[in-house]
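Novice: Got a structure for you, protein.cif, holding mmCIF, C-alpha atoms.
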```
data_upload
#
loop_
_atom_site.label_atom_id
_atom_site.label_comp_id
_atom_site.auth_asym_id
_atom_site.auth_seq_id
_atom_site.Cartn_x
_atom_site.Cartn_y
_atom_site.Cartn_z
CA GLY A 13 109.24 15.43 110.10
CA GLU A 14 112.52 15.52 108.19
CA GLU A 15 115.18 12.82 108.14
CA PHE A 16 118.57 13.94 109.37
CA GLU A 17 121.90 12.51 110.42
CA VAL A 18 124.49 13.61 112.96
CA ILE A 19 128.18 13.35 112.12
CA VAL A 20 130.84 14.08 114.73
CA ILE A 21 134.46 14.69 113.81
CA ASP A 22 136.71 14.33 116.83
CA ASN A 23 140.01 16.19 116.38
CA ALA A 24 142.07 14.15 118.84
CA SER A 25 140.17 15.25 121.96
CA GLN A 26 141.35 13.89 125.28
CA ASP A 27 138.30 14.54 127.45
CA GLY A 28 136.39 11.30 126.98
CA SER A 29 134.18 12.64 124.19
CA VAL A 30 134.74 9.65 121.91
CA GLU A 31 133.82 7.13 124.60
CA MET A 32 130.76 9.16 125.60
CA ILE A 33 129.46 9.32 122.03
CA LYS A 34 130.02 5.62 121.41
CA LYS A 35 128.18 4.74 124.61
CA ASN A 36 125.29 7.19 124.60
CA PHE A 37 124.80 8.01 120.90
CA PRO A 38 125.53 4.87 118.86
CA GLN A 39 123.44 6.23 115.95
CA VAL A 40 125.96 9.06 115.40
CA LYS A 41 128.50 8.70 112.60
CA LEU A 42 131.81 9.22 114.35
CA ILE A 43 135.20 9.96 112.78
CA VAL A 44 138.12 9.93 115.21
CA ASN A 45 141.30 11.70 114.13
CA LYS A 46 144.61 10.78 115.75
CA LYS A 47 145.72 14.43 115.64
CA ASN A 48 144.07 17.82 115.33
CA LEU A 49 143.64 18.35 111.60
CA GLY A 50 142.15 21.81 111.94
CA PHE A 51 138.62 23.03 111.33
CA ALA A 52 138.53 23.02 107.52
CA LYS A 53 139.96 19.55 107.00
CA ALA A 54 137.82 18.02 109.73
CA CYS A 55 134.65 19.59 108.33
CA ASN A 56 135.50 18.26 104.88
CA GLN A 57 135.75 14.77 106.33
CA GLY A 58 132.15 15.02 107.51
CA ILE A 59 130.87 16.71 104.35
CA LYS A 60 132.25 13.91 102.18
CA ILE A 61 130.21 11.23 103.96
CA ALA A 62 127.08 13.31 104.59
CA GLN A 63 123.89 12.31 102.77
CA GLY A 64 121.66 15.36 103.26
CA ARG A 65 120.82 18.13 100.81
CA TYR A 66 121.70 20.71 103.47
CA LEU A 67 124.75 20.60 105.73
CA PHE A 68 124.53 22.30 109.12
CA LEU A 69 128.04 22.86 110.46
CA LEU A 70 128.31 23.41 114.21
CA ASN A 71 131.21 24.18 116.50
CA PRO A 72 131.60 21.90 119.53
CA ASP A 73 130.96 24.85 121.87
CA THR A 74 127.42 25.48 120.63
CA GLU A 75 123.92 24.53 121.73
CA VAL A 76 120.96 24.55 119.35
CA THR A 77 117.46 25.60 120.37
CA ASN A 78 114.15 23.93 119.66
CA ASN A 79 112.83 23.69 116.09
CA ILE A 80 115.98 25.14 114.52
CA GLN A 81 116.09 22.31 112.00
CA GLU A 82 112.58 23.16 110.74
CA LYS A 83 113.44 26.87 110.47
CA ILE A 84 116.61 26.13 108.53
CA ILE A 85 114.90 23.81 106.04
CA ASN A 86 111.94 26.14 105.48
CA PHE A 87 114.25 29.08 104.79
CA MET A 88 116.61 27.23 102.48
CA GLU A 89 113.74 25.62 100.57
CA SER A 90 112.06 28.97 99.99
CA HIS A 91 115.33 30.73 99.00
CA PRO A 92 117.01 28.53 96.36
CA GLU A 93 119.44 31.36 95.51
CA VAL A 94 121.05 31.12 98.97
CA GLY A 95 124.18 28.95 99.04
CA VAL A 96 125.17 29.67 102.65
CA GLY A 97 122.88 30.59 105.52
CA GLY A 98 124.00 31.83 108.91
CA CYS A 99 122.31 31.34 112.27
CA TYR A 100 122.08 34.02 114.94
CA LEU A 101 124.59 33.37 117.73
CA TYR A 102 124.01 34.26 121.37
CA PHE A 103 126.21 34.29 124.45
CA GLN A 104 125.39 32.02 127.36
CA ASP A 105 123.61 34.92 129.09
CA ARG A 106 121.46 35.26 125.93
CA ARG A 107 123.08 38.49 124.69
CA ILE A 108 123.42 38.42 120.92
CA GLN A 109 126.88 37.87 119.43
CA THR A 110 128.23 39.26 116.20
CA SER A 111 127.15 36.65 113.68
CA PHE A 112 127.55 38.25 110.25
CA TYR A 113 130.70 39.82 108.88
CA LYS A 114 131.99 41.79 105.94
CA PHE A 115 134.74 40.49 103.72
CA THR A 116 138.22 41.52 104.80
CA THR A 117 139.37 44.65 102.97
CA LEU A 118 142.15 47.11 103.73
CA ALA A 119 139.57 49.46 105.30
CA SER A 120 137.92 46.83 107.49
CA HIS A 121 141.35 45.42 108.38
CA LEU A 122 142.49 48.87 109.49
CA GLY A 123 139.33 49.27 111.53
CA ARG A 124 139.95 45.96 113.28
CA ALA A 125 143.70 46.50 113.79
CA LEU A 126 143.25 49.97 115.34
CA LEU A 127 139.96 49.08 117.05
CA LEU A 128 138.28 51.91 115.14
CA TYR A 129 135.00 50.01 115.05
CA SER A 130 134.89 50.25 118.86
CA PHE A 131 134.85 54.02 118.63
CA LEU A 132 132.95 54.31 115.36
CA PRO A 133 130.57 51.33 115.47
CA LYS A 134 128.22 52.80 112.87
CA ASN A 135 130.98 53.52 110.39
CA HIS A 136 130.38 50.88 107.74
CA LEU A 137 133.73 51.54 106.11
CA THR A 138 135.84 50.39 109.06
CA ALA A 139 133.49 48.01 110.86
CA PRO A 140 134.48 44.40 110.03
CA PHE A 141 131.00 43.10 110.80
CA PHE A 142 127.31 43.70 110.29
CA PRO A 143 125.59 44.71 113.53
CA ASP A 144 123.08 41.99 114.25
CA TYR A 145 120.19 44.40 114.54
CA PHE A 146 120.98 45.77 111.08
CA ARG A 147 119.87 44.41 107.70
CA ARG A 148 118.33 41.29 109.18
CA SER A 149 116.47 40.42 105.99
CA GLN A 150 119.10 41.42 103.46
CA SER A 151 121.91 39.50 101.80
CA ILE A 152 125.19 39.72 103.72
CA GLU A 153 128.79 38.93 102.84
CA ARG A 154 129.80 36.16 105.19
CA VAL A 155 128.60 34.24 108.23
CA CYS A 156 130.33 32.79 111.24
CA GLY A 157 131.43 29.22 110.61
CA GLY A 158 130.35 28.25 114.12
CA ALA A 159 126.77 27.71 112.94
CA MET A 160 126.47 27.83 109.17
CA VAL A 161 124.22 26.00 106.73
CA VAL A 162 125.48 25.13 103.24
CA ARG A 163 123.45 23.85 100.32
CA ARG A 164 124.98 20.66 98.94
CA GLU A 165 124.51 21.90 95.39
CA ALA A 166 126.60 24.98 96.22
CA PHE A 167 129.37 22.85 97.73
CA GLU A 168 129.42 20.71 94.59
CA GLU A 169 129.77 23.78 92.40
CA VAL A 170 132.26 25.81 94.45
CA GLY A 171 134.22 23.11 96.28
CA LEU A 172 134.70 22.29 99.94
CA PHE A 173 136.63 24.24 102.57
CA ASP A 174 140.18 25.20 101.64
CA GLU A 175 142.33 22.98 103.86
CA SER A 176 145.20 25.49 103.76
CA PHE A 177 143.37 27.19 106.64
CA PHE A 178 143.98 25.43 109.93
CA LEU A 179 141.71 27.64 112.02
CA TYR A 180 139.70 30.78 111.19
CA TYR A 181 138.91 32.47 107.87
CA GLU A 182 137.99 29.21 106.16
CA ASP A 183 134.37 30.34 106.48
CA GLU A 184 135.18 33.71 104.87
CA ASP A 185 137.08 31.97 102.08
CA LEU A 186 134.10 29.71 101.36
CA CYS A 187 131.61 32.61 101.39
CA TYR A 188 133.86 34.64 99.12
CA ARG A 189 134.04 31.82 96.57
CA MET A 190 130.28 31.35 96.85
CA LYS A 191 129.73 35.02 96.05
CA GLN A 192 132.06 34.79 93.07
CA GLU A 193 129.90 32.02 91.63
CA GLY A 194 126.67 33.97 92.14
CA TRP A 195 125.34 32.32 95.30
CA LYS A 196 123.82 34.52 97.99
CA ILE A 197 124.83 34.54 101.66
CA ALA A 198 121.98 35.28 104.06
CA PRO A 199 121.00 35.22 107.73
CA ILE A 200 118.36 32.63 108.62
CA PRO A 201 115.57 34.43 110.51
CA ASN A 202 114.43 33.36 113.98
CA THR A 203 117.32 30.94 114.50
CA LYS A 204 119.12 30.90 117.83
CA VAL A 205 122.34 29.08 118.66
CA ILE A 206 123.97 29.48 122.06
CA HIS A 207 127.73 29.89 121.55
CA TYR A 208 129.90 29.21 124.59
CA HIS A 209 132.57 31.41 123.09
CA ASN A 210 136.11 29.95 123.09
CA ARG A 211 135.05 27.13 125.40
CA SER A 212 137.23 24.71 123.45
CA GLY A 213 139.69 27.09 121.79
CA GLY A 214 140.46 28.96 125.01
CA LYS A 215 142.63 26.07 126.18
CA ASN A 216 145.44 27.14 123.84
CA ILE A 217 145.32 30.92 123.60
CA ARG A 218 148.74 31.24 121.96
CA LYS A 219 147.79 28.92 119.10
CA ILE A 220 144.45 30.69 118.68
CA ILE A 221 146.14 34.09 118.30
CA PHE A 222 148.84 32.76 115.98
CA SER A 223 146.40 30.84 113.76
CA SER A 224 144.10 33.86 113.53
CA TYR A 225 146.78 36.12 112.06
CA GLN A 226 148.18 33.34 109.92
CA SER A 227 144.78 32.62 108.35
CA GLN A 228 143.97 36.32 108.04
CA LEU A 229 147.05 36.90 105.88
CA LEU A 230 146.49 33.69 103.94
CA PHE A 231 142.98 34.75 102.97
CA PHE A 232 144.01 38.24 101.90
CA LYS A 233 146.97 36.98 99.83
CA LYS A 234 144.70 34.54 98.04
CA PHE A 235 142.45 37.19 96.49
CA ASN A 236 144.49 40.40 96.34
CA PRO A 237 147.48 41.80 94.39
CA PHE A 238 150.93 42.12 95.91
CA TYR A 239 150.82 45.86 96.64
CA LYS A 240 147.63 45.44 98.69
CA VAL A 241 149.16 42.48 100.54
CA LEU A 242 152.16 44.66 101.46
CA ILE A 243 149.89 47.34 102.92
CA PHE A 244 147.90 44.61 104.68
CA ARG A 245 151.06 43.26 106.33
CA ILE A 246 151.99 46.75 107.58
CA ILE A 247 148.55 47.20 109.12
CA GLN A 248 148.76 43.73 110.61
CA PHE A 249 152.13 44.57 112.18
CA VAL A 250 150.70 47.75 113.74
CA GLY A 251 147.69 45.89 115.11
CA VAL A 252 149.77 43.07 116.58
CA SER A 253 152.20 45.58 118.13
CA ILE A 254 149.39 47.48 119.85
CA ARG A 255 148.01 44.28 121.34
CA PHE A 256 151.45 43.01 122.31
CA PHE A 257 152.26 46.10 124.34
CA TYR A 258 148.79 46.18 125.90
CA TRP A 259 148.94 42.58 127.09
CA PHE A 260 152.61 42.94 128.08
CA PHE A 261 151.62 45.79 130.39
CA ARG A 262 148.73 43.75 131.79
CA PHE A 263 151.13 40.82 132.32
CA LEU A 264 153.68 43.02 134.16
CA THR A 265 151.01 44.36 136.50
CA ASN A 266 149.31 40.98 137.00
CA PRO A 267 151.90 38.25 136.29
CA ASN A 268 149.81 35.51 137.91
CA VAL A 269 146.84 35.86 135.59
CA ARG A 270 147.17 33.13 132.98
CA GLU A 271 145.12 34.92 130.33
CA PHE A 272 147.47 37.92 130.38
CA SER A 273 150.63 35.85 130.05
CA GLU A 274 149.16 33.65 127.32
CA LYS A 275 147.98 36.61 125.23
CA PHE A 276 151.27 38.44 125.71
CA LEU A 277 153.16 35.34 124.53
CA GLY A 278 150.70 34.78 121.70
CA TYR A 279 151.30 38.22 120.19
CA LEU A 280 155.03 37.88 120.85
CA LYS A 281 154.90 34.64 118.89
CA VAL A 282 153.46 36.48 115.89
CA LEU A 283 156.04 39.27 116.10
CA LEU A 284 158.99 36.88 116.39
CA SER A 285 157.81 34.96 113.35
CA ASN A 286 158.16 38.23 111.39
CA PHE A 287 154.87 37.21 109.78
CA HIS A 288 156.51 34.18 108.20
CA TYR A 289 154.08 31.99 110.04
CA PRO A 290 155.66 28.58 109.46
CA LYS A 291 158.76 29.88 111.28
CA SER A 292 157.26 30.11 114.75
CA LEU A 293 159.77 30.47 117.58
CA ILE A 294 157.36 29.87 120.44
CA LYS A 295 155.36 26.66 120.78
#
```
Go ahead and render the structure in this file as structure tokens.
Specialist:
Amino acid sequence: GEEFEVIVIDNASQDGSVEMIKKNFPQVKLIVNKKNLGFAKACNQGIKIAQGRYLFLLNPDTEVTNNIQEKIINFMESHPEVGVGGCYLYFQDRRIQTSFYKFTTLASHLGRALLLYSFLPKNHLTAPFFPDYFRRSQSIERVCGGAMVVRREAFEEVGLFDESFFLYYEDEDLCYRMKQEGWKIAPIPNTKVIHYHNRSGGKNIRKIIFSSYQSQLLFFKKFNPFYKVLIFRIIQFVGVSIRFFYWFFRFLTNPNVREFSEKFLGYLKVLLSNFHYPKSLIK
């Protein structure tokens, strides 16, 4: 019963997606980029030409379920204080994924770097996320950008995605700025999006790892004083080192497994850059 439009931003895919969309879905607004511009910049391209009062941003490795559009609109219409709404994400086998996160702090960063949340999952100081069975009806801090809904009015007030982020943490940056301006971030009840996790990103594991740590540091530097950034970098170094040695050992024992070699090289790439991310030594 509601009018909607579908906008697809193609970040230089090479799998025939553009041809398929042109042939089978001529009603779709299609923007084709000659190179991968990253998540934030590509999303902004679509947002700028969108007409709707709500913008539903979806990763390419997601599948929506029936009536999700109606549930989104009903929730956003009845909660005008919400600037960003997050959908509940599920794995392909229908297990729920972590969908709602806390803002990155030194404590949550330490918990993630040392995997403390794996051993102390109910410790809200170190856990970087909100368990999905917890606080379903309450305001949260940030949502996963893989399936997020943004009110146009909030975008107009706060601004679009920060294009300094190539991949990851652009959703946290947006939610943080929304919170600063008084908008609420909330889960949208009864929504269900199937997330085929890393279906597209898994093709370049090294770049995924590198971009994750690059964006993580970029976000923290943007909103924190120098002394906290210094501590953050030390924690980041410890976390990367732990993962490097773990995947190096897995690579030595199973050198023919591509995932092990790619992750080992990905963390090596971060270490060799000495956290000066533009100076990558491994492509």
Novice: What's around Glu274 in chain A at 10 Å? Count only C-alpha atoms, leave out sequence neighbours fewer than 5 positions away in its own chain, and write the answer as number ranges by chain.
Specialist: A: 216-219, 221, 259-260, 263, 269, 279-280
Novice: Which residues come within 7 Å of Glu182 in chain A, counting all atoms listed in the file, excluding same-chain residues fewer than 5 positions away, as an MDAnalysis selection string?
Specialist: chainID A and resid 52 173:174 177
Novice: Can you list, as JSON, numbers by chain, the residues that the PyMOL selection byres ((chain A and resi 114) around 8) selects here?
Specialist: {"A": [112, 113, 115, 116, 120, 140, 141, 142, 152, 153, 154]}
Novice: Please dump the current selection as a tab-separated table (two decimals), in the coordinates of the input; keep C-alpha atoms.
Specialist:
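Once everything was written out, this is out.tsv:
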```
chain	number	residue	atom	x	y	z
A	112	PHE	CA	127.55	38.25	110.25
A	113	TYR	CA	130.70	39.82	108.88
A	115	PHE	CA	134.74	40.49	103.72
A	116	THR	CA	138.22	41.52	104.80
A	120	SER	CA	137.92	46.83	107.49
A	140	PRO	CA	134.48	44.40	110.03
A	141	PHE	CA	131.00	43.10	110.80
A	142	PHE	CA	127.31	43.70	110.29
A	152	ILE	CA	125.19	39.72	103.72
A	153	GLU	CA	128.79	38.93	102.84
A	154	ARG	CA	129.80	36.16	105.19
```
Novice: Just the number, please: distance in Å from CA of Ser253 in chain A to CA of Asp185 in chain A, one decimal.
Specialist: 25.9 Å
Novice: Taking only C-alpha atoms into account, produce a table as JSON lines in which each residue of range 153-206 of chain A with an atom at most 9 Å from an atom of range 93-101 of chain A appears once, together with its shortest atom pair and the distance in Å to one decimal, ordered by chain and rising number.
Specialist:
```
{"residue": "A:Arg154", "atom": "CA", "partner": "A:Gly98", "partner_atom": "CA", "distance": 8.1}
{"residue": "A:Val155", "atom": "CA", "partner": "A:Gly98", "partner_atom": "CA", "distance": 5.2}
{"residue": "A:Cys156", "atom": "CA", "partner": "A:Gly98", "partner_atom": "CA", "distance": 6.8}
{"residue": "A:Gly157", "atom": "CA", "partner": "A:Gly98", "partner_atom": "CA", "distance": 8.1}
{"residue": "A:Gly158", "atom": "CA", "partner": "A:Leu101", "partner_atom": "CA", "distance": 8.5}
{"residue": "A:Ala159", "atom": "CA", "partner": "A:Cys99", "partner_atom": "CA", "distance": 5.8}
{"residue": "A:Met160", "atom": "CA", "partner": "A:Gly98", "partner_atom": "CA", "distance": 4.7}
{"residue": "A:Val161", "atom": "CA", "partner": "A:Gly97", "partner_atom": "CA", "distance": 4.9}
{"residue": "A:Val162", "atom": "CA", "partner": "A:Val96", "partner_atom": "CA", "distance": 4.6}
{"residue": "A:Arg163", "atom": "CA", "partner": "A:Gly95", "partner_atom": "CA", "distance": 5.3}
{"residue": "A:Arg164", "atom": "CA", "partner": "A:Gly95", "partner_atom": "CA", "distance": 8.3}
{"residue": "A:Glu165", "atom": "CA", "partner": "A:Gly95", "partner_atom": "CA", "distance": 7.9}
{"residue": "A:Ala166", "atom": "CA", "partner": "A:Gly95", "partner_atom": "CA", "distance": 5.4}
{"residue": "A:Phe167", "atom": "CA", "partner": "A:Gly95", "partner_atom": "CA", "distance": 8.1}
{"residue": "A:Cys187", "atom": "CA", "partner": "A:Val96", "partner_atom": "CA", "distance": 7.2}
{"residue": "A:Met190", "atom": "CA", "partner": "A:Gly95", "partner_atom": "CA", "distance": 6.9}
{"residue": "A:Lys191", "atom": "CA", "partner": "A:Gly95", "partner_atom": "CA", "distance": 8.8}
{"residue": "A:Gly194", "atom": "CA", "partner": "A:Glu93", "partner_atom": "CA", "distance": 8.4}
{"residue": "A:Trp195", "atom": "CA", "partner": "A:Gly95", "partner_atom": "CA", "distance": 5.2}
{"residue": "A:Lys196", "atom": "CA", "partner": "A:Val94", "partner_atom": "CA", "distance": 4.5}
{"residue": "A:Ile197", "atom": "CA", "partner": "A:Val96", "partner_atom": "CA", "distance": 5.0}
{"residue": "A:Ala198", "atom": "CA", "partner": "A:Gly97", "partner_atom": "CA", "distance": 5.0}
{"residue": "A:Pro199", "atom": "CA", "partner": "A:Gly98", "partner_atom": "CA", "distance": 4.7}
{"residue": "A:Ile200", "atom": "CA", "partner": "A:Cys99", "partner_atom": "CA", "distance": 5.5}
{"residue": "A:Pro201", "atom": "CA", "partner": "A:Cys99", "partner_atom": "CA", "distance": 7.6}
{"residue": "A:Asn202", "atom": "CA", "partner": "A:Tyr100", "partner_atom": "CA", "distance": 7.7}
{"residue": "A:Thr203", "atom": "CA", "partner": "A:Cys99", "partner_atom": "CA", "distance": 5.5}
{"residue": "A:Lys204", "atom": "CA", "partner": "A:Tyr100", "partner_atom": "CA", "distance": 5.2}
{"residue": "A:Val205", "atom": "CA", "partner": "A:Leu101", "partner_atom": "CA", "distance": 4.9}
{"residue": "A:Ile206", "atom": "CA", "partner": "A:Leu101", "partner_atom": "CA", "distance": 5.9}
```
Novice: Within 12 Å of Leu242 in chain A, counting all atoms listed in the file, which residues qualify if same-chain residues fewer than 6 places away don't, as a PyMOL selection string?
Specialist: chain A and resi 118+229+232-233+236+248-249+287
Novice: Between CA of Glu89 in chain A and CA of Pro72 in chain A, what distance in Å does the model show, to one decimal?
Specialist: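 Here the two named atoms are 26.3 Å from each other.
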Novice: Could you state the separation of CA of Ser224 in chain A and CA of Ile243 in chain A in Å, given to one decimal place?
Specialist: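 If I compute the distance from CA of Ser224 in chain A to CA of Ile243 in chain A, I get 18.1 Å.
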Novice: Taking into account only C-alpha atoms, which residue in the set A:Leu42, A:Ala125, A:Leu67, A:Leu284 is nearest to Ile85 in chain A?
Specialist: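 Of A:Leu42, A:Ala125, A:Leu67, A:Leu284, the one nearest Ile85 in chain A is A:Leu67, counting only C-alpha atoms.
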Novice: Can you work out which one of A:Met32, A:Ile21, A:Leu172, A:Ala62 has the shortest atom-to-atom distance to Lys47 in chain A, counting only C-alpha atoms?
Specialist: A:Ile21
Novice: Between A:Ile108, A:Tyr66, A:Lys34, A:Gly50, single out the one closest to Glu15 in chain A, counting all atoms listed in the file.
Specialist: A:Tyr66
Novice: First collect every listed atom of range 180-196 of chain A; then fit an axis-aligned box around them, widen it by 5 Å on each side, and give centre and edge lengths in Å to one decimal, as lines of an AutoDock Vina configuration file.
Specialist:
```
center_x = 131.8
center_y = 32.1
center_z = 101.4
size_x = 25.9
size_y = 15.8
size_z = 29.6
```
Novice: Hey, what comes out of the PyMOL selection byres ((chain A and resi 16) around 9) on this file? Could you write it as a list in words?
Specialist: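 Applying the expression gives Glu14, Glu15, Glu17, Val18, Gln63 and Gly64 of chain A.
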Novice: Taking into account only C-alpha atoms, which residue in the set A:Gln192, A:Gln26, A:Asn45, A:Gln226 is nearest to Leu283 in chain A?
Specialist: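 Result for the nearest residue to Leu283 in chain A: A:Gln226.
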Novice: Rank A:Ser90, A:Lys35, A:Leu230, A:His207 by their smallest atom-to-atom distance to Val76 in chain A, using all atoms listed in the file, and report the top residue only.
Specialist: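 Closest to Val76 in chain A of all the choices is A:His207.
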Novice: Counting only C-alpha atoms, figure out which residue out of A:Ile61, A:Asn86, A:Asn23, A:His209 gets nearest to Tyr102 in chain A.
Specialist: A:His209
Novice: Contacts of Asn48 in chain A at 10 Å or less, counting all atoms listed in the file, minus same-chain residues fewer than 2 places along, as an mmCIF file with C-alpha atoms, keeping the file's coordinate frame?
Specialist:
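Saved to out-v2.cif:
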```cif
data_model
loop_
_atom_site.group_PDB
_atom_site.id
_atom_site.type_symbol
_atom_site.label_atom_id
_atom_site.label_comp_id
_atom_site.auth_asym_id
_atom_site.auth_seq_id
_atom_site.Cartn_x
_atom_site.Cartn_y
_atom_site.Cartn_z
ATOM 1 C CA ASP A 22 136.710 14.330 116.830
ATOM 2 C CA ASN A 23 140.010 16.190 116.380
ATOM 3 C CA ALA A 24 142.070 14.150 118.840
ATOM 4 C CA SER A 25 140.170 15.250 121.960
ATOM 5 C CA VAL A 44 138.120 9.930 115.210
ATOM 6 C CA ASN A 45 141.300 11.700 114.130
ATOM 7 C CA LYS A 46 144.610 10.780 115.750
ATOM 8 C CA GLY A 50 142.150 21.810 111.940
ATOM 9 C CA PHE A 51 138.620 23.030 111.330
ATOM 10 C CA LYS A 53 139.960 19.550 107.000
ATOM 11 C CA ALA A 54 137.820 18.020 109.730
ATOM 12 C CA PHE A 178 143.980 25.430 109.930
#
```
